[in-house]
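Working notes for the structure below.
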Amino acid sequence: MMLTVSDRILKGGPVAHIWTTVTLATISTLALAATPARAADPPSTDTNAVSMDLDVIARRLDIARQQIQPSLGASTYQFTPQALETIPQGENAPLNQVLLQAPGVAQDSFGQIHLRGEHANVQFRINGVELPEGLSVFGQALTSRFANSVTLITGALPAQYGFQTAGVIDIQTKTGTTNPGLSLSMYGGSWNWLEPSFDYGGRAGPVDWYVTGDFLRNDRGIENPTSSFNAIHDTTNQFHGLAYVSGIIDPDTRISMILGGYTGQFQIPNNPGQPTSGLVVNGVSDFNSALLNENQYEATQFAVLSLQKHVGDIDMQISGFTRRSTLSFSPDPLGDLLFNGISQQANRTTWASGVQGDGSWRINDQHTLRAGFLAQGESNTTGTFSQVLPVDDTGMQTTDVPLGIGQNSYKAGGLYGIYVQDEWRILPTLTINFGARFDIVDEFTHESQLSPRINVVWKPTATTTLHAGYSRYFVPPPFEIVSTTTVASFLGTTAAPAVQQNDPVRAERSNYFDVGVNQAIIPGLTVGVDAYYKIAKNLIDEGQFGAPIILTAFNYAQGRVDGIEGTASYDRGPWSIYGNLAYSRAMGKNIVSAQFNFAPDELAFISQNFIHLDHDQLWTGSAGVAYTLNGDTDHPTRFSVDALVQSGLRASTDTIPNGRALPTYGVVNLSIVQKLNAGVGRGTELRLDVLNVGDAVYEIRDGTGVGVGAPQFGLRRTILAGLTQRF
């Protein structure tokens, strides 16, 4: 019998989106065909034959690894190597910009994205291994430069996906096999943009390696808080690096290691002409807001060590992982006091390490049993030093001499999860995948849950696939951003909160339903529709409260999220065309944790009324066209254009928190890529990208809304060019 899994795949270019059908029969046939010669066979003395055997073994192990953790019944959107190469900016594009081309992905400030009306709660996997969450706010530790492919998995997730469940971003890294040789690149343009990069891959016998790195400097590190073309005080310096090495021990065993790192320095851009709060600090009461000097530093390092093994009908992978993440915010000592009543130096470090194991057992043609576990320990060290001013009972300043308040905390805890599920192929065209997982969080909160999961995939015709699923979710609060502030320390100062209640953040529990269908109309043309509905208790949201750009988690007692996504694509010959349109509605009621961050009138209104979440966006659309000229020559030219339309995130009115939507906006990007055979190395590539061709002025945030700290405007017209030489 045959399992059918329906996946939306972006291939051939940023705008080549097709639905494809992957069957276990096809995979099994390929795996059997790829089986290398055993010890009983005569040894080969042909070097090319040995290399081919190693290629076949590596491919077979790749297929087996993917089958350990399939996305049965979930909504899957994949960016292939060709797609990642062709999108505007190519492999220089930040990962969030790549994902905005998928349906149901909303753009936010600080490079954040929202999947299906969720705030954060996104799980990142690298070669199937789940990475712990980090502290990066402005930068991204994982980039598209590392990726051979990127897959976005949403909907009713199978049992192997726990903890972060808004969506799974699974990155399959480049290797020395997929990207052999040396490549050097220089990229840059507007905003003093300078981005040199390199990658180098190869293989020596059974050992495969790949290493890449880039440095980025420009004057648009963070969104401009004003609509002006140029931002004030907005320079960033960033570095990303990744190294991959794997060794094939025998035809059924592979060991691999990944090392990665990211550092980012960011100036916090200024909004000129802002009034001070009327306070006086050491005799000074005036300050030019254009001269503020706030800065943030972020760094992340991670490592993954994996052992993959195939034994008969059993495939398994066990991995050890670790991730260290640091963040430091430096205020403007005088300016922050005059504008905000507090100047706070904040430092935070998190360290998470653990073990993940996954396995599958093909019992017979009807049943494949899968099971696994994850055990992760975490520690969180927080330190703040705040300068504030004393006030009396009426809130009037009693002295202009600042008072220092230091707070430090350390907390350790852990996450633990196990799962089991059975893929039951009832008929050649009908498969049910059912199972459950049990999760425990032992951190700032101590909770557990048994979560059943079930997905049904039915393929009534060769061109039609339907799926439906239900998942019970358990989402622990993000350990690294739970507030440890002692509210009482700030009483009698300019930083005293109007509300002193600070109940602990709890785990979110929800029921998630998803149903979808896709249809191939004619060769090359496919359409799809997917709908979802979520009911949540203790829905987790995040916000920025105060000058340090460190997000803080809190709960709504009740939450509900629903939406529908439509996709269409045509991929034929030199043409690739796609379009996505998504509707989403995310609501919450009654804030029940970290209440001191909110105003009393906000809390009172929200306690009695459902409100839009601040990141709720009604409509999201993306579309694009790509054409390849001279595609069958050694000098092809790719032209592409893509567009993003967003109906606007939420802002508050005078009476209703998050009571209105910001204006709709649209952005168009152009890209031209020319490959040349100039007789140097393995080829030369020229790239020209124009982002926001029409120089649209659009506001992502206006500074109001629940948990929103400041206004942000989108990137203005940006012209970038690059040269890549491969050896």
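Residues are referred to by chain and number: the chain letter is A, B, ... according to the order shown in the structure tokens, the number counts from 1 in that chain, and ligands are numbered separately from 1 in the order shown.
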Please provide as JSON, numbers by chain all residues within 6 Å of region 566-581 of chain A, with the sequence filter that same-chain residues fewer than 5 positions apart are discarded (counting only C-alpha atoms).
{"A": [15, 16, 17, 18, 103, 524, 525, 526, 527, 528, 529, 620, 621, 622, 623, 624, 625, 626, 627, 628]}
Selection to disk with all heavy atoms, as a compact mmCIF listing (two decimals), in the first residue's frame:
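Printed below is out_22.txt as written:
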```txt
# COMPACT_ATOMS: atom_id res chain seq x y z
N VAL A 15 9.46 32.08 -7.46
CA VAL A 15 8.05 32.13 -7.77
C VAL A 15 7.57 30.84 -8.43
O VAL A 15 6.54 30.83 -9.07
CB VAL A 15 7.77 33.33 -8.69
CG1 VAL A 15 7.98 34.60 -7.94
CG2 VAL A 15 8.67 33.30 -9.90
N ALA A 16 8.32 29.78 -8.28
CA ALA A 16 7.88 28.51 -8.84
C ALA A 16 7.33 27.66 -7.72
O ALA A 16 8.07 27.03 -7.01
CB ALA A 16 9.06 27.81 -9.51
N HIS A 17 6.03 27.68 -7.52
CA HIS A 17 5.39 26.99 -6.40
C HIS A 17 4.55 25.87 -6.97
O HIS A 17 3.64 26.13 -7.74
CB HIS A 17 4.46 27.93 -5.63
CG HIS A 17 5.17 29.06 -4.98
ND1 HIS A 17 5.07 29.35 -3.65
CD2 HIS A 17 6.03 29.99 -5.48
CE1 HIS A 17 5.79 30.40 -3.37
NE2 HIS A 17 6.38 30.81 -4.46
N ILE A 18 4.86 24.62 -6.61
CA ILE A 18 4.05 23.54 -7.10
C ILE A 18 3.67 22.62 -5.97
O ILE A 18 4.33 22.58 -4.94
CB ILE A 18 4.78 22.72 -8.20
CG1 ILE A 18 5.93 21.92 -7.59
CG2 ILE A 18 5.26 23.59 -9.33
CD1 ILE A 18 6.50 20.90 -8.53
N PRO A 103 2.43 31.43 2.26
CA PRO A 103 1.11 31.92 2.65
C PRO A 103 0.97 32.03 4.17
O PRO A 103 1.53 31.24 4.92
CB PRO A 103 0.16 30.84 2.10
CG PRO A 103 0.99 29.61 2.00
CD PRO A 103 2.38 30.08 1.66
N GLY A 524 1.38 21.60 -14.67
CA GLY A 524 2.06 22.83 -14.27
C GLY A 524 1.23 23.78 -13.44
O GLY A 524 1.78 24.65 -12.77
N LEU A 525 -0.11 23.64 -13.45
CA LEU A 525 -0.98 24.56 -12.73
C LEU A 525 -1.67 23.82 -11.59
O LEU A 525 -2.37 22.83 -11.81
CB LEU A 525 -2.04 25.15 -13.65
CG LEU A 525 -3.09 26.05 -12.99
CD1 LEU A 525 -2.42 27.27 -12.35
CD2 LEU A 525 -4.15 26.47 -13.99
N THR A 526 -1.48 24.31 -10.37
CA THR A 526 -2.10 23.72 -9.19
C THR A 526 -2.69 24.81 -8.32
O THR A 526 -2.22 25.95 -8.31
CB THR A 526 -1.09 22.90 -8.36
OG1 THR A 526 -0.03 23.77 -7.94
CG2 THR A 526 -0.51 21.76 -9.17
N VAL A 527 -3.72 24.45 -7.56
CA VAL A 527 -4.33 25.37 -6.60
C VAL A 527 -4.54 24.61 -5.30
O VAL A 527 -4.65 23.37 -5.28
CB VAL A 527 -5.67 25.94 -7.12
CG1 VAL A 527 -5.46 26.75 -8.37
CG2 VAL A 527 -6.66 24.81 -7.37
N GLY A 528 -4.62 25.35 -4.20
CA GLY A 528 -4.85 24.72 -2.91
C GLY A 528 -5.54 25.66 -1.95
O GLY A 528 -5.41 26.89 -2.05
N VAL A 529 -6.28 25.08 -1.01
CA VAL A 529 -6.97 25.84 0.03
C VAL A 529 -6.77 25.12 1.35
O VAL A 529 -6.86 23.88 1.42
CB VAL A 529 -8.48 25.99 -0.26
CG1 VAL A 529 -9.17 26.74 0.87
CG2 VAL A 529 -8.71 26.70 -1.58
N THR A 620 -3.09 38.86 4.17
CA THR A 620 -1.68 38.80 3.77
C THR A 620 -1.62 38.18 2.38
O THR A 620 -2.23 37.14 2.14
CB THR A 620 -0.87 37.93 4.75
OG1 THR A 620 -0.96 38.49 6.06
CG2 THR A 620 0.59 37.88 4.34
N GLY A 621 -0.90 38.82 1.48
CA GLY A 621 -0.78 38.30 0.13
C GLY A 621 0.64 38.38 -0.39
O GLY A 621 1.40 39.29 -0.03
N SER A 622 1.00 37.42 -1.22
CA SER A 622 2.30 37.45 -1.89
C SER A 622 2.12 36.87 -3.29
O SER A 622 1.26 36.02 -3.52
CB SER A 622 3.35 36.65 -1.12
OG SER A 622 2.93 35.30 -0.94
N ALA A 623 2.91 37.36 -4.22
CA ALA A 623 2.80 36.91 -5.61
C ALA A 623 4.10 37.19 -6.33
O ALA A 623 4.91 38.02 -5.89
CB ALA A 623 1.63 37.60 -6.32
N GLY A 624 4.30 36.50 -7.45
CA GLY A 624 5.52 36.75 -8.21
C GLY A 624 5.56 36.03 -9.53
O GLY A 624 4.78 35.11 -9.80
N VAL A 625 6.48 36.49 -10.37
CA VAL A 625 6.71 35.91 -11.69
C VAL A 625 8.21 35.84 -11.92
O VAL A 625 8.94 36.78 -11.57
CB VAL A 625 6.07 36.77 -12.80
CG1 VAL A 625 6.36 36.17 -14.17
CG2 VAL A 625 4.57 36.92 -12.58
N ALA A 626 8.66 34.72 -12.49
CA ALA A 626 10.06 34.60 -12.87
C ALA A 626 10.16 34.03 -14.27
O ALA A 626 9.34 33.19 -14.68
CB ALA A 626 10.81 33.69 -11.89
N TYR A 627 11.15 34.49 -15.02
CA TYR A 627 11.37 34.01 -16.39
C TYR A 627 12.87 33.81 -16.59
O TYR A 627 13.68 34.68 -16.23
CB TYR A 627 10.85 35.00 -17.42
CG TYR A 627 11.08 34.56 -18.85
CD1 TYR A 627 10.26 33.62 -19.44
CD2 TYR A 627 12.13 35.10 -19.59
CE1 TYR A 627 10.48 33.20 -20.74
CE2 TYR A 627 12.35 34.69 -20.89
CZ TYR A 627 11.52 33.74 -21.46
OH TYR A 627 11.73 33.32 -22.75
N THR A 628 13.25 32.66 -17.14
CA THR A 628 14.65 32.35 -17.41
C THR A 628 14.91 32.39 -18.91
O THR A 628 14.28 31.65 -19.68
CB THR A 628 15.03 30.97 -16.86
OG1 THR A 628 14.78 30.93 -15.45
CG2 THR A 628 16.50 30.67 -17.10
```
Members of region 27-190 of chain A assigned strand (DSSP E or B) by DSSP, as number ranges by chain:
A: 75-79, 105-107, 113-115, 122-126, 129-130, 147-154, 167-173, 181-189
I'd like the neighbourhood of Phe124 (chain A) as a VMD selection string, where a residue qualifies if any of its atoms comes within 6 Å (using only C-alpha atoms), though same-chain residues fewer than 2 positions away should be ignored.
chain A and resid 130 to 131 168 to 169
Put those residues in a file: N, CA, C and O atoms, as a short mmCIF file (atom, residue, chain, number, x, y, z; two decimals), in the first residue's frame.
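New file again18.cif:
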```cif
data_model
loop_
_atom_site.label_atom_id
_atom_site.label_comp_id
_atom_site.auth_asym_id
_atom_site.auth_seq_id
_atom_site.Cartn_x
_atom_site.Cartn_y
_atom_site.Cartn_z
N GLU A 130 15.91 19.83 16.68
CA GLU A 130 15.29 21.05 17.21
C GLU A 130 16.31 21.86 17.99
O GLU A 130 16.98 21.34 18.90
N LEU A 131 16.44 23.14 17.64
CA LEU A 131 17.35 24.03 18.35
C LEU A 131 16.58 24.78 19.44
O LEU A 131 15.46 25.26 19.20
N VAL A 168 6.96 25.02 12.07
CA VAL A 168 8.29 24.44 12.12
C VAL A 168 9.06 24.90 10.89
O VAL A 168 8.59 24.75 9.76
N ILE A 169 10.22 25.49 11.09
CA ILE A 169 11.11 25.87 10.01
C ILE A 169 12.27 24.89 10.02
O ILE A 169 13.13 24.93 10.90
#
```
Please provide as a ChimeraX atom specification all residues within 7 Å of region 319-329 of chain A, with the sequence filter that same-chain residues fewer than 3 positions apart are discarded (counting only C-alpha atoms).
/A:132,134-135,295-307,345-357,548
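All residues of protein, DNA or RNA that reach within 8 Å of region 202-215 of chain A, judged by only C-alpha atoms and not counting those fewer than 4 positions away in the chain, are A:Ser51, A:Leu54, A:Arg145, A:Phe146, A:Lys174, A:Thr175, A:Gly176, A:Thr177, A:Asn179, A:Pro180, A:Gly181, A:Leu194, A:Glu195, A:Pro196, A:Ser197, A:Phe198, A:Asn237, A:Gln238, A:Phe239, A:His240, A:Gly241, A:Leu242, A:Ala243, A:Tyr244, A:Val245, A:Ser246, A:Gly247, A:Ile248, A:Ile249.
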Residue selection dump (N, CA and C atoms) as a PDB file, in the first residue's frame:
```pdb
ATOM      1  N   SER A  51      33.378   6.928  -5.365  1.00  0.00           N
ATOM      2  CA  SER A  51      32.734   8.212  -5.107  1.00  0.00           C
ATOM      3  C   SER A  51      31.241   8.136  -5.349  1.00  0.00           C
ATOM      4  N   LEU A  54      29.506   6.419  -2.482  1.00  0.00           N
ATOM      5  CA  LEU A  54      29.352   7.304  -1.331  1.00  0.00           C
ATOM      6  C   LEU A  54      28.224   8.301  -1.557  1.00  0.00           C
ATOM      7  N   ARG A 145      21.705  31.519   3.835  1.00  0.00           N
ATOM      8  CA  ARG A 145      23.001  31.166   3.250  1.00  0.00           C
ATOM      9  C   ARG A 145      23.414  29.748   3.646  1.00  0.00           C
ATOM     10  N   PHE A 146      23.022  29.305   4.849  1.00  0.00           N
ATOM     11  CA  PHE A 146      23.384  27.971   5.307  1.00  0.00           C
ATOM     12  C   PHE A 146      22.596  26.886   4.574  1.00  0.00           C
ATOM     13  N   LYS A 174      23.484  22.988   3.568  1.00  0.00           N
ATOM     14  CA  LYS A 174      24.367  22.651   2.458  1.00  0.00           C
ATOM     15  C   LYS A 174      25.462  21.710   2.964  1.00  0.00           C
ATOM     16  N   THR A 175      26.023  20.937   2.061  1.00  0.00           N
ATOM     17  CA  THR A 175      27.115  20.023   2.384  1.00  0.00           C
ATOM     18  C   THR A 175      28.193  20.151   1.321  1.00  0.00           C
ATOM     19  N   GLY A 176      29.286  19.442   1.526  1.00  0.00           N
ATOM     20  CA  GLY A 176      30.320  19.437   0.509  1.00  0.00           C
ATOM     21  C   GLY A 176      29.892  18.734  -0.755  1.00  0.00           C
ATOM     22  N   THR A 177      28.897  17.863  -0.648  1.00  0.00           N
ATOM     23  CA  THR A 177      28.369  17.176  -1.821  1.00  0.00           C
ATOM     24  C   THR A 177      27.454  18.084  -2.632  1.00  0.00           C
ATOM     25  N   ASN A 179      27.348  21.456  -2.422  1.00  0.00           N
ATOM     26  CA  ASN A 179      28.015  22.718  -2.767  1.00  0.00           C
ATOM     27  C   ASN A 179      29.529  22.544  -2.705  1.00  0.00           C
ATOM     28  N   PRO A 180      30.107  21.811  -3.665  1.00  0.00           N
ATOM     29  CA  PRO A 180      31.561  21.609  -3.644  1.00  0.00           C
ATOM     30  C   PRO A 180      32.308  22.842  -4.152  1.00  0.00           C
ATOM     31  N   GLY A 181      33.560  22.953  -3.734  1.00  0.00           N
ATOM     32  CA  GLY A 181      34.413  24.026  -4.225  1.00  0.00           C
ATOM     33  C   GLY A 181      34.340  25.276  -3.371  1.00  0.00           C
ATOM     34  N   LEU A 194      27.511  46.675   2.881  1.00  0.00           N
ATOM     35  CA  LEU A 194      28.696  45.922   2.501  1.00  0.00           C
ATOM     36  C   LEU A 194      28.573  44.528   3.101  1.00  0.00           C
ATOM     37  N   GLU A 195      28.619  43.498   2.240  1.00  0.00           N
ATOM     38  CA  GLU A 195      28.396  42.135   2.726  1.00  0.00           C
ATOM     39  C   GLU A 195      29.273  41.144   1.958  1.00  0.00           C
ATOM     40  N   PRO A 196      30.530  41.003   2.353  1.00  0.00           N
ATOM     41  CA  PRO A 196      31.351  39.947   1.763  1.00  0.00           C
ATOM     42  C   PRO A 196      31.002  38.591   2.386  1.00  0.00           C
ATOM     43  N   SER A 197      31.181  37.524   1.611  1.00  0.00           N
ATOM     44  CA  SER A 197      30.873  36.190   2.121  1.00  0.00           C
ATOM     45  C   SER A 197      31.707  35.155   1.381  1.00  0.00           C
ATOM     46  N   PHE A 198      31.747  33.952   1.953  1.00  0.00           N
ATOM     47  CA  PHE A 198      32.456  32.849   1.306  1.00  0.00           C
ATOM     48  C   PHE A 198      31.779  31.549   1.701  1.00  0.00           C
ATOM     49  N   ASN A 237      26.591  45.966  12.612  1.00  0.00           N
ATOM     50  CA  ASN A 237      27.671  45.081  12.195  1.00  0.00           C
ATOM     51  C   ASN A 237      27.290  43.673  12.638  1.00  0.00           C
ATOM     52  N   GLN A 238      27.284  42.733  11.694  1.00  0.00           N
ATOM     53  CA  GLN A 238      26.856  41.378  12.006  1.00  0.00           C
ATOM     54  C   GLN A 238      27.793  40.366  11.363  1.00  0.00           C
ATOM     55  N   PHE A 239      27.903  39.215  12.018  1.00  0.00           N
ATOM     56  CA  PHE A 239      28.665  38.092  11.469  1.00  0.00           C
ATOM     57  C   PHE A 239      27.855  36.818  11.640  1.00  0.00           C
ATOM     58  N   HIS A 240      27.841  35.993  10.587  1.00  0.00           N
ATOM     59  CA  HIS A 240      27.217  34.673  10.644  1.00  0.00           C
ATOM     60  C   HIS A 240      28.222  33.640  10.159  1.00  0.00           C
ATOM     61  N   GLY A 241      28.245  32.495  10.794  1.00  0.00           N
ATOM     62  CA  GLY A 241      29.132  31.433  10.358  1.00  0.00           C
ATOM     63  C   GLY A 241      28.553  30.067  10.651  1.00  0.00           C
ATOM     64  N   LEU A 242      28.888  29.089   9.817  1.00  0.00           N
ATOM     65  CA  LEU A 242      28.430  27.723  10.037  1.00  0.00           C
ATOM     66  C   LEU A 242      29.446  26.758   9.450  1.00  0.00           C
ATOM     67  N   ALA A 243      29.685  25.666  10.165  1.00  0.00           N
ATOM     68  CA  ALA A 243      30.546  24.593   9.683  1.00  0.00           C
ATOM     69  C   ALA A 243      29.815  23.275   9.845  1.00  0.00           C
ATOM     70  N   TYR A 244      29.862  22.457   8.799  1.00  0.00           N
ATOM     71  CA  TYR A 244      29.224  21.141   8.806  1.00  0.00           C
ATOM     72  C   TYR A 244      30.253  20.098   8.402  1.00  0.00           C
ATOM     73  N   VAL A 245      30.287  18.994   9.112  1.00  0.00           N
ATOM     74  CA  VAL A 245      31.145  17.892   8.735  1.00  0.00           C
ATOM     75  C   VAL A 245      30.417  16.591   9.045  1.00  0.00           C
ATOM     76  N   SER A 246      30.514  15.638   8.141  1.00  0.00           N
ATOM     77  CA  SER A 246      29.885  14.340   8.362  1.00  0.00           C
ATOM     78  C   SER A 246      30.804  13.244   7.871  1.00  0.00           C
ATOM     79  N   GLY A 247      30.652  12.071   8.466  1.00  0.00           N
ATOM     80  CA  GLY A 247      31.441  10.928   8.059  1.00  0.00           C
ATOM     81  C   GLY A 247      30.567   9.694   7.939  1.00  0.00           C
ATOM     82  N   ILE A 248      30.690   8.988   6.833  1.00  0.00           N
ATOM     83  CA  ILE A 248      29.971   7.730   6.641  1.00  0.00           C
ATOM     84  C   ILE A 248      30.844   6.618   7.206  1.00  0.00           C
ATOM     85  N   ILE A 249      30.388   6.022   8.306  1.00  0.00           N
ATOM     86  CA  ILE A 249      31.158   4.975   8.975  1.00  0.00           C
ATOM     87  C   ILE A 249      31.016   3.650   8.239  1.00  0.00           C
TER      88      ILE A 249
END
```
How close does region 520-569 of chain A get to region 489-505 of chain A? List, as a Markdown table, each residue of region 520-569 of chain A within 8 Å, its nearest atom pair and the distance in Å to one decimal, counting only C-alpha atoms.
```
| residue | atom | partner | partner_atom | distance |
| --- | --- | --- | --- | --- |
| A:Ala553 | CA | A:Val505 | CA | 7.0 |
| A:Phe554 | CA | A:Val505 | CA | 5.7 |
| A:Asn555 | CA | A:Val505 | CA | 6.2 |
```
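Considering only C-alpha atoms, the residue among A:Val645, A:Ile268, A:Ile426, A:Ala93 positioned nearest to Leu292 (chain A) is A:Ile268.
Among A:Phe79, A:Tyr665, A:Tyr532, A:Tyr583, the residue with the shortest atom-to-atom distance to Ser144 (chain A), counting only C-alpha atoms, is A:Phe79.
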Neighbouring residues of Phe373 (chain A) were defined as those with any atom within 12 Å, considering only C-alpha atoms; residues of the same chain fewer than 5 positions away were excluded. Please report them as a tab-separated table (two decimals) with N, CA and C atoms, in the first residue's frame.
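Now in selection_20.tsv:
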```
chain	number	residue	atom	x	y	z
A	129	VAL	N	17.02	18.38	13.74
A	129	VAL	CA	17.27	18.52	15.17
A	129	VAL	C	16.73	19.86	15.64
A	130	GLU	N	15.91	19.83	16.68
A	130	GLU	CA	15.29	21.05	17.21
A	130	GLU	C	16.31	21.86	17.99
A	159	ALA	N	2.90	14.11	15.92
A	159	ALA	CA	3.30	14.05	17.32
A	159	ALA	C	4.78	14.35	17.55
A	160	GLN	N	5.64	14.25	16.53
A	160	GLN	CA	7.06	14.49	16.76
A	160	GLN	C	7.37	15.96	17.00
A	161	TYR	N	6.43	16.84	16.69
A	161	TYR	CA	6.67	18.28	16.86
A	161	TYR	C	5.99	18.77	18.13
A	162	GLY	N	6.79	19.13	19.13
A	162	GLY	CA	6.25	19.62	20.38
A	162	GLY	C	6.81	20.96	20.77
A	316	MET	N	16.92	5.38	12.72
A	316	MET	CA	16.94	6.18	13.94
A	316	MET	C	18.02	7.25	13.84
A	317	GLN	N	17.82	8.31	14.63
A	317	GLN	CA	18.83	9.35	14.76
A	317	GLN	C	18.79	9.86	16.20
A	318	ILE	N	19.96	9.96	16.80
A	318	ILE	CA	20.07	10.54	18.14
A	318	ILE	C	21.07	11.68	18.08
A	319	SER	N	20.71	12.79	18.73
A	319	SER	CA	21.51	14.01	18.60
A	319	SER	C	21.68	14.67	19.96
A	320	GLY	N	22.86	15.18	20.18
A	320	GLY	CA	23.10	16.08	21.29
A	320	GLY	C	23.25	17.50	20.77
A	354	GLY	N	20.81	19.58	25.41
A	354	GLY	CA	19.93	18.44	25.56
A	354	GLY	C	20.22	17.33	24.57
A	355	VAL	N	19.32	16.35	24.58
A	355	VAL	CA	19.43	15.17	23.73
A	355	VAL	C	18.08	14.95	23.05
A	356	GLN	N	18.10	14.65	21.76
A	356	GLN	CA	16.89	14.34	21.00
A	356	GLN	C	17.08	13.02	20.28
A	357	GLY	N	16.09	12.15	20.38
A	357	GLY	CA	16.14	10.88	19.68
A	357	GLY	C	14.85	10.64	18.91
A	358	ASP	N	14.97	10.16	17.68
A	358	ASP	CA	13.80	9.86	16.85
A	358	ASP	C	14.06	8.56	16.10
A	359	GLY	N	13.00	7.77	15.94
A	359	GLY	CA	13.15	6.52	15.23
A	359	GLY	C	11.87	6.10	14.54
A	415	LEU	N	12.91	21.02	29.91
A	415	LEU	CA	11.78	20.57	29.10
A	415	LEU	C	11.98	19.10	28.78
A	416	TYR	N	10.90	18.33	28.85
A	416	TYR	CA	10.99	16.89	28.60
A	416	TYR	C	9.76	16.46	27.81
A	417	GLY	N	9.99	15.71	26.74
A	417	GLY	CA	8.87	15.26	25.91
A	417	GLY	C	9.14	13.90	25.30
A	418	ILE	N	8.10	13.09	25.18
A	418	ILE	CA	8.17	11.81	24.48
A	418	ILE	C	6.95	11.69	23.57
A	419	TYR	N	7.08	10.91	22.50
A	419	TYR	CA	5.94	10.74	21.60
A	419	TYR	C	5.98	9.35	20.98
A	420	VAL	N	4.82	8.90	20.52
A	420	VAL	CA	4.70	7.68	19.75
A	420	VAL	C	3.53	7.86	18.79
A	436	ALA	N	0.35	10.33	20.09
A	436	ALA	CA	0.26	11.27	21.20
A	436	ALA	C	1.67	11.58	21.69
A	437	ARG	N	1.79	12.69	22.39
A	437	ARG	CA	3.04	13.03	23.05
A	437	ARG	C	2.73	13.50	24.47
A	438	PHE	N	3.70	13.32	25.35
A	438	PHE	CA	3.58	13.76	26.74
A	438	PHE	C	4.74	14.69	27.03
A	439	ASP	N	4.41	15.91	27.47
A	439	ASP	CA	5.42	16.94	27.70
A	439	ASP	C	5.38	17.45	29.12
A	440	ILE	N	6.55	17.80	29.63
A	440	ILE	CA	6.69	18.38	30.97
A	440	ILE	C	7.54	19.64	30.85
```
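Compared by their closest atoms to Ala412 (chain A), and using only C-alpha atoms, the residues A:Phe287, A:Tyr262, A:Phe479, A:Trp424 rank with A:Phe479 nearest.
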Quick one: everything within 7 Å of Gly221 (chain A), counting only C-alpha atoms, minus sequence neighbours fewer than 4 positions away in the same chain. Send it as a VMD selection string.
chain A and resid 234 to 236 266
Can I get the selected residues back with N, CA and C atoms, as a PDB file, in the first residue's frame?
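Below you can see again.pdb, which holds the result:
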```pdb
ATOM      1  N   ASP A 234      21.673  54.280  13.111  1.00  0.00           N
ATOM      2  CA  ASP A 234      21.072  52.982  12.767  1.00  0.00           C
ATOM      3  C   ASP A 234      22.072  52.045  12.097  1.00  0.00           C
ATOM      4  N   THR A 235      23.338  52.117  12.515  1.00  0.00           N
ATOM      5  CA  THR A 235      24.368  51.263  11.923  1.00  0.00           C
ATOM      6  C   THR A 235      24.390  49.898  12.609  1.00  0.00           C
ATOM      7  N   THR A 236      24.618  48.854  11.812  1.00  0.00           N
ATOM      8  CA  THR A 236      24.746  47.509  12.368  1.00  0.00           C
ATOM      9  C   THR A 236      25.982  46.828  11.803  1.00  0.00           C
ATOM     10  N   PHE A 266      24.009  46.614  17.181  1.00  0.00           N
ATOM     11  CA  PHE A 266      22.963  47.447  16.612  1.00  0.00           C
ATOM     12  C   PHE A 266      22.873  48.775  17.356  1.00  0.00           C
TER      13      PHE A 266
END
```
Using only C-alpha atoms, find each residue of region 622-676 of chain A with at least one atom at most 9 Å away from an atom of region 604-615 of chain A; report its shortest atom-to-atom pair and that distance in Å (one decimal), sort the rows by chain and rising residue number, and return the result as JSON lines.
```
{"residue": "A:Gly648", "atom": "CA", "partner": "A:His615", "partner_atom": "CA", "distance": 9.0}
{"residue": "A:Leu649", "atom": "CA", "partner": "A:His615", "partner_atom": "CA", "distance": 5.5}
{"residue": "A:Arg650", "atom": "CA", "partner": "A:Asp614", "partner_atom": "CA", "distance": 5.0}
{"residue": "A:Ala651", "atom": "CA", "partner": "A:Asp614", "partner_atom": "CA", "distance": 6.9}
{"residue": "A:Ser652", "atom": "CA", "partner": "A:Asp614", "partner_atom": "CA", "distance": 8.7}
{"residue": "A:Thr655", "atom": "CA", "partner": "A:Phe605", "partner_atom": "CA", "distance": 8.8}
{"residue": "A:Ile656", "atom": "CA", "partner": "A:Phe605", "partner_atom": "CA", "distance": 7.6}
{"residue": "A:Pro657", "atom": "CA", "partner": "A:Ile611", "partner_atom": "CA", "distance": 7.0}
{"residue": "A:Asn658", "atom": "CA", "partner": "A:Asp614", "partner_atom": "CA", "distance": 5.8}
{"residue": "A:Gly659", "atom": "CA", "partner": "A:His612", "partner_atom": "CA", "distance": 7.1}
{"residue": "A:Arg660", "atom": "CA", "partner": "A:His612", "partner_atom": "CA", "distance": 8.7}
```
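If you measure from each of A:Arg59, A:Arg362, A:Lys411, A:Arg506 to Glu378 (chain A) using only C-alpha atoms, the closest one turns out to be A:Lys411.
Considering the residues A:Gly666, A:Arg509, A:Thr653, A:His119 and counting only C-alpha atoms, Gly703 (chain A) has its shortest atom-to-atom contact with A:Thr653.
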So the first atom is CA of Val105 (chain A) and the second is CA of Thr552 (chain A); what is the distance between them in Å, to one decimal place?
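Between CA of Val105 (chain A) and CA of Thr552 (chain A) the gap is 21.9 Å.
Interatomic distance, CA of Gly283 (chain A) to CA of Gln344 (chain A): 20.1 Å.
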Please return, as a PyMOL selection string, all residues of region 176-403 of chain A that DSSP assigns to alpha helix (DSSP H) on the basis of the backbone.
chain A and resi 333-340
